[in-house]
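Structure, as structure tokens:
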Number of protein chains: 4
Amino acid sequence: MTQRADARRNQQALLDAAAEVFVRSGVDAPVRDIAATAGVGMGTIYRHFPTRAELIIAVYRHQVEACAEAGPRLLAADPPLVALGRWIDLFADFLVTKHGLAGLMQSDDFRPLHEYFLDRLVPVCTSLLDAAAAAGEIQGDLTAYELMRGVGNLCIGSDDRYDARRLVRLLVSGLAAPRPASP
Amino acid sequence: MTQRADARRNQQALLDAAAEVFVRSGVDAPVRDIAATAGVGMGTIYRHFPTRAELIIAVYRHQVEACAEAGPRLLAADPPLVALGRWIDLFADFLVTKHGLAGLMQSDDFRPLHEYFLDRLVPVCTSLLDAAAAAGEIQGDLTAYELMRGVGNLCIGSDDRYDARRLVRLLVSGLAAPRPASP
Amino acid sequence: MTQRADARRNQQALLDAAAEVFVRSGVDAPVRDIAATAGVGMGTIYRHFPTRAELIIAVYRHQVEACAEAGPRLLAADPPLVALGRWIDLFADFLVTKHGLAGLMQSDDFRPLHEYFLDRLVPVCTSLLDAAAAAGEIQGDLTAYELMRGVGNLCIGSDDRYDARRLVRLLVSGLAAPRPASP
Amino acid sequence: MTQRADARRNQQALLDAAAEVFVRSGVDAPVRDIAATAGVGMGTIYRHFPTRAELIIAVYRHQVEACAEAGPRLLAADPPLVALGRWIDLFADFLVTKHGLAGLMQSDDFRPLHEYFLDRLVPVCTSLLDAAAAAGEIQGDLTAYELMRGVGNLCIGSDDRYDARRLVRLLVSGLAAPRPASP
DNA sequence: AATGAATGAGATTTCATTCAT
DNA sequence: AATGAATGAAATCTCATTCAT
């Protein structure tokens, strides 16, 4: 059982290395690079994460979970549209930080990854959206799926000249119902 | 001079073939496929377009030009914000149609491509934006560069479940100045 | 079109190299070895023979054809059982020479190879067998398929201590109808 | 001594597992599969059977011994050629049942395996063959070694369309001396 | 100028084998 | 003694790119 500790350490090294390499070279970086960065053999990656999607999911799982859990908390604390805005900020922060992650979701090869994100986060986003709609704070009938894809896309390639978060805020403000003219 | 004609014919065949293959298999389709579709040898592609970015630029040049030229025309015909909206629609249409093009812009390898697009279109977009700002129709100080990147990003991966144009419209509406409360 | 000559030369070099390597290391020798022996890059093999089965078939095609064509000739020249014996000798010679070929046929991976051999040779063998049966020279109802598999198997691993041809002759003699006791 | 018992139990589990896996996936099945089936670690296999040949020999030892012991018994009970035929049937049964075993013998890597079989069985076969020759029941001077290799080869890949036992019987009948013409 | 055959680097994946625990 | 995680050497296959013709 002592070995288990070793393996766990290794797995963590792998996750750290993968995260680092993903930032450096994108999520489709050669397996060999990740192995080298982690200081393990290539077989070790395949033992822990048989497919690339599994590795990516593992790399980002913690943050996806944190994001999912934040939804209800925000909704309880703020008016719906504010909560939605804050949650979207959280989501965007995550994506922007994970340089290259957003761009990845498009690829057919990463369907499982895409699905994991959606399965976990779309319901959360839906409840925020529904609450805002119920409160009459937003117009239209955009789905959570579309909103998240839009935000996800906006977060691709954020850099000095392109502040993704700013665009995201603009998008959310476009979502808000027009303020009724005062009487 | 006859050869010149030959070469020109070849170049056009190449552009047509590349456009077709780009739609079919994305802009990173194998060179061989493009050559085969054009009915020329692979060497011919390399002679005409030494890098893939050059080929892509050539493929889309006409449409980029058309888009650039539409700017002043729209501005002359409509109120600034309407003109901006229409121009953005035009730009988005172009990107959505060119499946995969938007996603490509991110890659460092295609810097030249990216730059061509920006050099040609940012000034046009800037003049539309400035006009709208001057008319008090928009708030904030978003640059044309950021707006175009945002729109470009939103256009990635449009499909049945994700209508990029809709998100783009939302973004533009977020740009509009809040209607001043009536007195 | 001059290049065609080059390519043809290359293809022949490939076939020669493959034949040599097959003898040395078996028909499942690494592609790289065959390429190296032929003095070409690995891609060249894949261009000429996309699958391993295609390469093997090509390597042995000439001899399979020669064997197939010998059947009718022998049948025309000799009494059926003699013709059958000679044809089987020919077939066995081929297999024994192609060290390792016989052993290969078993593998599921080489189904296409197996099928090519059978498609081409079973009909020939059948006509020899039928003629012998019609002449009352053989007993039983062994199929050409079984006979050929038997002969093929006997030819595996012929060497100094194991003379496959001798075993084949024994098998064929076991096929002959028992001489009717003289009156 | 308790550990000795453990080790013995393990060894038996390994043999059973190997036999099972050999049937399922052939004698060159991955070591890991055998270990998993036996419910032991891979290191345990290497401890007990450092080479694959040793494992295979161990797996089949019982049956090889049984076959060897049957020789004298059959010879005592039947006329020599009948005894030979029955013994060969026994040998063929063993090989046909051990799917893939016969094909394996060819490989240079399994020389030790090959040798074990021959060392144990050739003398038995020789005595049967000699007895038949002494009785004038067979012709020629085929060695036991060649006969066994022939039978071994015939047993490769027996299936629905190829009945190895039938071919083996044919071979043995080819061995019989021609019935002397009646006076 | 054009061709397309050839090259070969690089990416993935599988397992036999070792060795720290 | 046993475990099974780790290793890393193969082997396969795919293209971007070159270059002889």
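Order determines the names: the first chain of the structure tokens is A, the second B, and so forth; residues in each chain are numbered 1 upward, and ligands are numbered 1 upward as they are shown.
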
I'd like a table as CSV: residues in chain A with an atom no more than 7 Å from chain B, each row giving the shortest atom pair and its distance in Å to one decimal, only C-alpha atoms counted, sorted by chain and rising residue number.
```
residue,atom,partner,partner_atom,distance
A:Gln106,CA,B:Gly157,CA,6.3
A:Glu146,CA,B:Tyr162,CA,5.4
A:Gly150,CA,B:Leu154,CA,5.7
A:Asn153,CA,B:Asn153,CA,5.2
A:Leu154,CA,B:Asn153,CA,5.4
A:Ile156,CA,B:Asn153,CA,6.9
A:Gly157,CA,B:Gln106,CA,6.3
A:Tyr162,CA,B:Glu146,CA,5.3
A:Leu167,CA,B:Gly150,CA,6.5
A:Leu170,CA,B:Gly174,CA,5.1
A:Leu171,CA,B:Leu171,CA,4.5
A:Ser173,CA,B:Gly174,CA,5.1
A:Gly174,CA,B:Gly174,CA,3.5
A:Leu175,CA,B:Leu170,CA,6.5
A:Ala181,CA,B:Ala181,CA,5.8
A:Ser182,CA,B:Ser182,CA,6.2
```

For the interface of chain F with chain A (cut-off 8 Å, counting only C-alpha atoms (C1' of nucleotides)), please tabulate each contacting residue of chain F alongside its nearest pair of atoms and their separation in Å to one decimal, rows sorted by chain and increasing number, as a tab-separated table.
```
residue	atom	partner	partner_atom	distance
F:DA5	C1'	A:Ala7	CA	6.9
F:DA6	C1'	A:Thr44	CA	6.2
F:DT7	C1'	A:Gly41	CA	5.7
F:DG8	C1'	A:Gly41	CA	6.7
```

Judged by only C-alpha atoms (C1' of nucleotides), the minimum distance to chain E among A:Lys98, A:Arg52, A:Arg9, A:Arg24 is found for A:Arg52

Since chain A and chain B share a sequence, can you fit the second onto the first over all C-alpha atoms in order and output it as a compact mmCIF listing (two decimals) with C-alpha atoms, in the first residue's frame?
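The result, stored in superposed32.txt:
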```txt
# COMPACT_ATOMS: atom_id res chain seq x y z
CA MET B 1 -0.59 -0.60 -0.45
CA THR B 2 2.77 1.12 -0.72
CA GLN B 3 2.52 0.87 -4.46
CA ARG B 4 -0.89 2.42 -4.36
CA ALA B 5 0.71 5.40 -2.66
CA ASP B 6 3.37 5.50 -5.35
CA ALA B 7 0.81 5.45 -8.07
CA ARG B 8 -1.16 8.20 -6.43
CA ARG B 9 1.93 10.34 -6.11
CA ASN B 10 2.67 9.71 -9.74
CA GLN B 11 -0.80 10.68 -10.81
CA GLN B 12 -0.53 13.96 -9.00
CA ALA B 13 2.88 14.69 -10.49
CA LEU B 14 1.37 14.02 -13.86
CA LEU B 15 -1.51 16.41 -13.31
CA ASP B 16 0.80 19.14 -12.11
CA ALA B 17 3.15 18.60 -15.00
CA ALA B 18 0.36 18.55 -17.54
CA ALA B 19 -1.11 21.78 -16.17
CA GLU B 20 2.28 23.42 -16.44
CA VAL B 21 2.97 22.16 -19.94
CA PHE B 22 -0.54 23.06 -21.11
CA VAL B 23 0.12 26.64 -20.11
CA ARG B 24 3.52 26.61 -21.75
CA SER B 25 2.72 24.87 -25.01
CA GLY B 26 -1.02 24.47 -25.26
CA VAL B 27 -3.18 21.46 -24.55
CA ASP B 28 -1.90 19.58 -27.54
CA ALA B 29 1.66 19.57 -26.32
CA PRO B 30 3.66 16.42 -27.07
CA VAL B 31 3.08 13.63 -24.60
CA ARG B 32 6.79 13.34 -24.20
CA ASP B 33 7.04 16.86 -22.83
CA ILE B 34 4.47 16.16 -20.20
CA ALA B 35 6.17 12.94 -19.19
CA ALA B 36 9.53 14.64 -19.00
CA THR B 37 8.17 17.49 -16.91
CA ALA B 38 6.53 15.02 -14.56
CA GLY B 39 9.70 13.01 -14.41
CA VAL B 40 7.97 9.79 -15.40
CA GLY B 41 8.05 7.55 -18.41
CA MET B 42 5.57 7.96 -21.20
CA GLY B 43 4.02 4.63 -20.50
CA THR B 44 2.96 5.94 -17.11
CA ILE B 45 0.85 8.63 -18.69
CA TYR B 46 -0.90 6.11 -20.86
CA ARG B 47 -1.56 3.89 -17.88
CA HIS B 48 -3.19 6.67 -15.90
CA PHE B 49 -4.84 8.55 -18.72
CA PRO B 50 -5.37 6.43 -21.80
CA THR B 51 -6.63 9.37 -23.86
CA ARG B 52 -5.58 12.94 -23.91
CA ALA B 53 -9.11 14.04 -23.15
CA GLU B 54 -9.06 12.11 -19.90
CA LEU B 55 -5.87 13.81 -18.91
CA ILE B 56 -7.21 17.23 -19.68
CA ILE B 57 -10.41 16.57 -17.78
CA ALA B 58 -8.43 15.40 -14.80
CA VAL B 59 -6.21 18.45 -14.96
CA TYR B 60 -9.10 20.84 -14.84
CA ARG B 61 -11.55 18.88 -12.72
CA HIS B 62 -10.84 20.78 -9.52
CA GLN B 63 -11.48 24.11 -11.10
CA VAL B 64 -14.57 22.95 -12.89
CA GLU B 65 -15.89 21.67 -9.59
CA ALA B 66 -15.08 24.92 -7.84
CA CYS B 67 -16.88 26.83 -10.55
CA ALA B 68 -19.91 24.58 -10.32
CA GLU B 69 -20.09 24.96 -6.58
CA ALA B 70 -19.86 28.73 -6.77
CA GLY B 71 -23.16 29.00 -8.62
CA PRO B 72 -25.63 28.40 -5.77
CA ARG B 73 -23.51 30.42 -3.40
CA LEU B 74 -23.57 33.48 -5.67
CA LEU B 75 -27.27 33.08 -6.29
CA ALA B 76 -27.93 33.09 -2.59
CA ALA B 77 -25.91 36.22 -2.02
CA ASP B 78 -26.85 38.52 -4.88
CA PRO B 79 -29.73 39.53 -7.12
CA PRO B 80 -29.98 37.02 -9.96
CA LEU B 81 -28.46 39.10 -12.76
CA VAL B 82 -25.59 40.18 -10.56
CA ALA B 83 -25.03 36.59 -9.54
CA LEU B 84 -25.08 35.48 -13.14
CA GLY B 85 -22.58 38.17 -14.09
CA ARG B 86 -20.26 37.14 -11.29
CA TRP B 87 -20.52 33.51 -12.13
CA ILE B 88 -19.80 34.18 -15.78
CA ASP B 89 -16.79 36.21 -14.70
CA LEU B 90 -15.57 33.24 -12.71
CA PHE B 91 -16.07 30.95 -15.65
CA ALA B 92 -14.32 33.34 -18.02
CA ASP B 93 -11.43 33.76 -15.63
CA PHE B 94 -10.95 30.07 -15.58
CA LEU B 95 -10.95 29.80 -19.36
CA VAL B 96 -8.76 32.80 -20.01
CA THR B 97 -6.21 31.53 -17.55
CA LYS B 98 -6.22 28.13 -19.14
CA HIS B 99 -4.74 29.43 -22.28
CA GLY B 100 -5.82 27.34 -25.22
CA LEU B 101 -8.41 25.33 -23.37
CA ALA B 102 -11.34 27.15 -24.85
CA GLY B 103 -10.08 26.72 -28.38
CA LEU B 104 -9.75 23.05 -27.82
CA MET B 105 -13.35 22.39 -27.02
CA GLN B 106 -14.21 22.67 -30.68
CA SER B 107 -12.27 19.65 -31.77
CA ASP B 108 -14.23 16.49 -32.28
CA ASP B 109 -11.40 14.57 -30.68
CA PHE B 110 -12.18 16.20 -27.40
CA ARG B 111 -15.85 15.54 -27.28
CA PRO B 112 -15.53 13.86 -23.90
CA LEU B 113 -13.84 16.91 -22.53
CA HIS B 114 -16.50 19.13 -23.92
CA GLU B 115 -19.16 16.92 -22.49
CA TYR B 116 -17.70 16.85 -19.05
CA PHE B 117 -17.64 20.59 -18.92
CA LEU B 118 -21.18 20.88 -20.11
CA ASP B 119 -22.60 18.16 -17.90
CA ARG B 120 -21.15 19.76 -14.87
CA LEU B 121 -21.69 23.44 -15.59
CA VAL B 122 -24.77 23.74 -17.76
CA PRO B 123 -27.16 22.92 -14.92
CA VAL B 124 -25.51 25.51 -12.72
CA CYS B 125 -25.71 28.13 -15.40
CA THR B 126 -29.28 27.19 -16.14
CA SER B 127 -30.37 27.83 -12.60
CA LEU B 128 -28.73 31.25 -12.64
CA LEU B 129 -30.34 32.06 -15.94
CA ASP B 130 -33.73 30.86 -14.81
CA ALA B 131 -33.55 32.92 -11.70
CA ALA B 132 -32.71 36.02 -13.67
CA ALA B 133 -35.50 35.34 -16.12
CA ALA B 134 -37.94 34.76 -13.30
CA ALA B 135 -36.93 38.11 -11.85
CA GLY B 136 -37.52 39.74 -15.24
CA GLU B 137 -33.93 40.87 -15.34
CA ILE B 138 -33.12 39.32 -18.67
CA GLN B 139 -34.89 39.11 -21.95
CA GLY B 140 -34.94 36.44 -24.58
CA ASP B 141 -34.63 32.75 -24.16
CA LEU B 142 -30.97 32.00 -24.54
CA THR B 143 -30.07 28.59 -23.20
CA ALA B 144 -27.32 28.09 -20.69
CA TYR B 145 -25.61 25.89 -23.21
CA GLU B 146 -25.46 28.64 -25.77
CA LEU B 147 -24.40 31.23 -23.28
CA MET B 148 -21.57 29.07 -22.06
CA ARG B 149 -20.40 28.27 -25.53
CA GLY B 150 -20.50 31.95 -26.36
CA VAL B 151 -18.51 32.87 -23.30
CA GLY B 152 -16.15 29.99 -23.94
CA ASN B 153 -15.57 31.19 -27.44
CA LEU B 154 -14.99 34.76 -26.42
CA CYS B 155 -12.26 33.55 -24.11
CA ILE B 156 -10.16 32.14 -26.88
CA GLY B 157 -6.86 33.85 -27.42
CA SER B 158 -7.15 36.66 -24.91
CA ASP B 159 -4.08 38.83 -25.12
CA ASP B 160 -2.77 42.38 -24.96
CA ARG B 161 -4.88 43.62 -27.80
CA TYR B 162 -7.94 41.52 -27.09
CA ASP B 163 -9.39 41.55 -23.61
CA ALA B 164 -11.73 38.59 -23.54
CA ARG B 165 -13.22 39.52 -20.17
CA ARG B 166 -14.35 42.83 -21.58
CA LEU B 167 -16.16 41.19 -24.44
CA VAL B 168 -17.76 38.76 -22.04
CA ARG B 169 -19.08 41.63 -19.96
CA LEU B 170 -20.47 43.22 -23.08
CA LEU B 171 -22.23 40.00 -23.97
CA VAL B 172 -23.78 39.72 -20.54
CA SER B 173 -24.94 43.31 -20.66
CA GLY B 174 -26.58 42.52 -23.98
CA LEU B 175 -28.49 39.85 -22.14
CA ALA B 176 -30.05 42.22 -19.69
CA ALA B 177 -33.61 43.24 -20.30
CA PRO B 178 -33.91 46.76 -21.65
CA ARG B 179 -34.71 49.10 -18.87
CA PRO B 180 -38.37 49.81 -19.13
CA ALA B 181 -38.85 53.39 -20.14
CA SER B 182 -39.86 55.36 -17.10
CA PRO B 183 -43.57 56.23 -17.10
```

Separation of atom C1' of F:DA1 from atom C1' of E:DA20 in Å
14.3 Å

So that each row is one residue of chain E with an atom at most 10 Å from chain C, can you give its shortest atom pair and the distance in Å to one decimal, using only C-alpha atoms (C1' of nucleotides), rows by chain and rising number, as JSON lines?
```
{"residue": "E:DT3", "atom": "C1'", "partner": "C:Gln3", "partner_atom": "CA", "distance": 9.3}
{"residue": "E:DG4", "atom": "C1'", "partner": "C:Gln3", "partner_atom": "CA", "distance": 8.9}
{"residue": "E:DA5", "atom": "C1'", "partner": "C:Ala7", "partner_atom": "CA", "distance": 6.9}
{"residue": "E:DA6", "atom": "C1'", "partner": "C:Thr44", "partner_atom": "CA", "distance": 6.2}
{"residue": "E:DT7", "atom": "C1'", "partner": "C:Gly41", "partner_atom": "CA", "distance": 5.7}
{"residue": "E:DG8", "atom": "C1'", "partner": "C:Gly41", "partner_atom": "CA", "distance": 6.8}
```

I need the chosen residues saved as a tab-separated table (two decimals), in the first residue's frame, with all heavy atoms.
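The file below, again-v5.tsv, is the result:
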```tsv
chain	number	residue	atom	x	y	z
E	3	DT	P	1.55	20.36	-62.31
E	3	DT	OP1	0.35	19.93	-63.03
E	3	DT	OP2	1.46	21.16	-61.08
E	3	DT	O5'	2.43	19.08	-62.02
E	3	DT	C5'	2.80	18.23	-63.11
E	3	DT	C4'	3.69	17.16	-62.58
E	3	DT	O4'	4.92	17.74	-62.13
E	3	DT	C3'	3.10	16.42	-61.38
E	3	DT	O3'	2.81	15.11	-61.79
E	3	DT	C2'	4.18	16.50	-60.30
E	3	DT	C1'	5.41	16.92	-61.10
E	3	DT	N1	6.41	17.75	-60.39
E	3	DT	C2	7.70	17.29	-60.29
E	3	DT	O2	8.07	16.22	-60.73
E	3	DT	N3	8.56	18.14	-59.63
E	3	DT	C4	8.27	19.38	-59.09
E	3	DT	O4	9.13	20.05	-58.54
E	3	DT	C5	6.90	19.80	-59.24
E	3	DT	C7	6.48	21.14	-58.68
E	3	DT	C6	6.05	18.97	-59.87
E	4	DG	P	1.56	14.37	-61.14
E	4	DG	OP1	0.94	13.55	-62.18
E	4	DG	OP2	0.75	15.31	-60.34
E	4	DG	O5'	2.35	13.43	-60.14
E	4	DG	C5'	3.53	12.77	-60.60
E	4	DG	C4'	4.32	12.32	-59.38
E	4	DG	O4'	5.13	13.41	-58.91
E	4	DG	C3'	3.47	11.91	-58.18
E	4	DG	O3'	4.15	10.92	-57.44
E	4	DG	C2'	3.44	13.18	-57.35
E	4	DG	C1'	4.88	13.60	-57.54
E	4	DG	N9	5.16	14.97	-57.19
E	4	DG	C8	4.27	15.99	-56.95
E	4	DG	N7	4.85	17.11	-56.61
E	4	DG	C5	6.20	16.81	-56.63
E	4	DG	C6	7.32	17.63	-56.36
E	4	DG	O6	7.33	18.80	-56.04
E	4	DG	N1	8.52	16.93	-56.52
E	4	DG	C2	8.61	15.62	-56.89
E	4	DG	N2	9.84	15.11	-56.98
E	4	DG	N3	7.58	14.85	-57.15
E	4	DG	C4	6.40	15.51	-57.00
E	5	DA	P	3.88	9.45	-57.75
E	5	DA	OP1	3.61	9.29	-59.18
E	5	DA	OP2	2.93	8.99	-56.74
E	5	DA	O5'	5.31	8.81	-57.43
E	5	DA	C5'	6.39	9.06	-58.32
E	5	DA	C4'	7.71	8.97	-57.58
E	5	DA	O4'	8.01	10.26	-56.98
E	5	DA	C3'	7.75	7.96	-56.45
E	5	DA	O3'	9.06	7.40	-56.43
E	5	DA	C2'	7.47	8.80	-55.20
E	5	DA	C1'	8.09	10.14	-55.57
E	5	DA	N9	7.41	11.31	-55.02
E	5	DA	C8	6.06	11.52	-54.97
E	5	DA	N7	5.73	12.69	-54.45
E	5	DA	C5	6.94	13.29	-54.15
E	5	DA	C6	7.27	14.53	-53.58
E	5	DA	N6	6.38	15.43	-53.20
E	5	DA	N1	8.58	14.81	-53.41
E	5	DA	C2	9.49	13.90	-53.80
E	5	DA	N3	9.30	12.69	-54.36
E	5	DA	C4	7.99	12.45	-54.50
E	6	DA	P	9.41	6.38	-55.27
E	6	DA	OP1	10.46	5.52	-55.86
E	6	DA	OP2	8.19	5.82	-54.68
E	6	DA	O5'	10.11	7.34	-54.23
E	6	DA	C5'	11.30	8.01	-54.62
E	6	DA	C4'	11.88	8.76	-53.44
E	6	DA	O4'	11.02	9.88	-53.15
E	6	DA	C3'	11.98	7.94	-52.16
E	6	DA	O3'	13.33	7.97	-51.73
E	6	DA	C2'	11.03	8.61	-51.18
E	6	DA	C1'	10.88	10.02	-51.75
E	6	DA	N9	9.57	10.61	-51.53
E	6	DA	C8	8.35	10.05	-51.79
E	6	DA	N7	7.33	10.83	-51.50
E	6	DA	C5	7.92	11.98	-51.01
E	6	DA	C6	7.37	13.18	-50.52
E	6	DA	N6	6.07	13.43	-50.46
E	6	DA	N1	8.23	14.12	-50.10
E	6	DA	C2	9.56	13.88	-50.17
E	6	DA	N3	10.18	12.78	-50.61
E	6	DA	C4	9.30	11.86	-51.02
E	7	DT	P	13.73	7.31	-50.36
E	7	DT	OP1	15.12	6.91	-50.52
E	7	DT	OP2	12.70	6.32	-49.98
E	7	DT	O5'	13.68	8.49	-49.32
E	7	DT	C5'	14.34	9.70	-49.66
E	7	DT	C4'	14.11	10.72	-48.58
E	7	DT	O4'	12.75	11.16	-48.64
E	7	DT	C3'	14.31	10.17	-47.18
E	7	DT	O3'	15.35	10.92	-46.56
E	7	DT	C2'	12.96	10.35	-46.47
E	7	DT	C1'	12.28	11.38	-47.33
E	7	DT	N1	10.81	11.29	-47.42
E	7	DT	C2	10.05	12.38	-47.08
E	7	DT	O2	10.53	13.43	-46.69
E	7	DT	N3	8.69	12.20	-47.23
E	7	DT	C4	8.06	11.07	-47.66
E	7	DT	O4	6.84	11.03	-47.76
E	7	DT	C5	8.91	9.96	-48.00
E	7	DT	C7	8.31	8.68	-48.48
E	7	DT	C6	10.23	10.13	-47.87
E	8	DG	P	16.27	10.30	-45.48
E	8	DG	OP1	17.54	11.03	-45.55
E	8	DG	OP2	16.23	8.84	-45.57
E	8	DG	O5'	15.51	10.75	-44.17
E	8	DG	C5'	15.17	12.13	-44.05
E	8	DG	C4'	14.22	12.30	-42.90
E	8	DG	O4'	12.86	12.04	-43.33
E	8	DG	C3'	14.46	11.34	-41.73
E	8	DG	O3'	14.11	12.03	-40.54
E	8	DG	C2'	13.44	10.24	-41.97
E	8	DG	C1'	12.29	11.09	-42.45
E	8	DG	N9	11.26	10.38	-43.16
E	8	DG	C8	11.32	9.13	-43.71
E	8	DG	N7	10.20	8.75	-44.27
E	8	DG	C5	9.35	9.82	-44.07
E	8	DG	C6	8.01	9.99	-44.44
E	8	DG	O6	7.28	9.21	-45.06
E	8	DG	N1	7.53	11.23	-44.05
E	8	DG	C2	8.25	12.18	-43.37
E	8	DG	N2	7.63	13.31	-43.07
E	8	DG	N3	9.51	12.03	-43.02
E	8	DG	C4	9.99	10.83	-43.39
```

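Going from atom C1' of F:DA11 to atom C1' of E:DT12 covers 10.4 Å.
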
Just give me the gap between atom C1' of E:DA11 and atom C1' of F:DC19 in Å, one decimal is fine.
25.7 Å

Residues of stretch 36-166 of chain A classed as alpha helix (DSSP H) by DSSP on the backbone are to be reported as an MDAnalysis selection string.
chainID A and resid 36:38 42:48 52:77 80:97 101:104 111:134 144:154 164:166
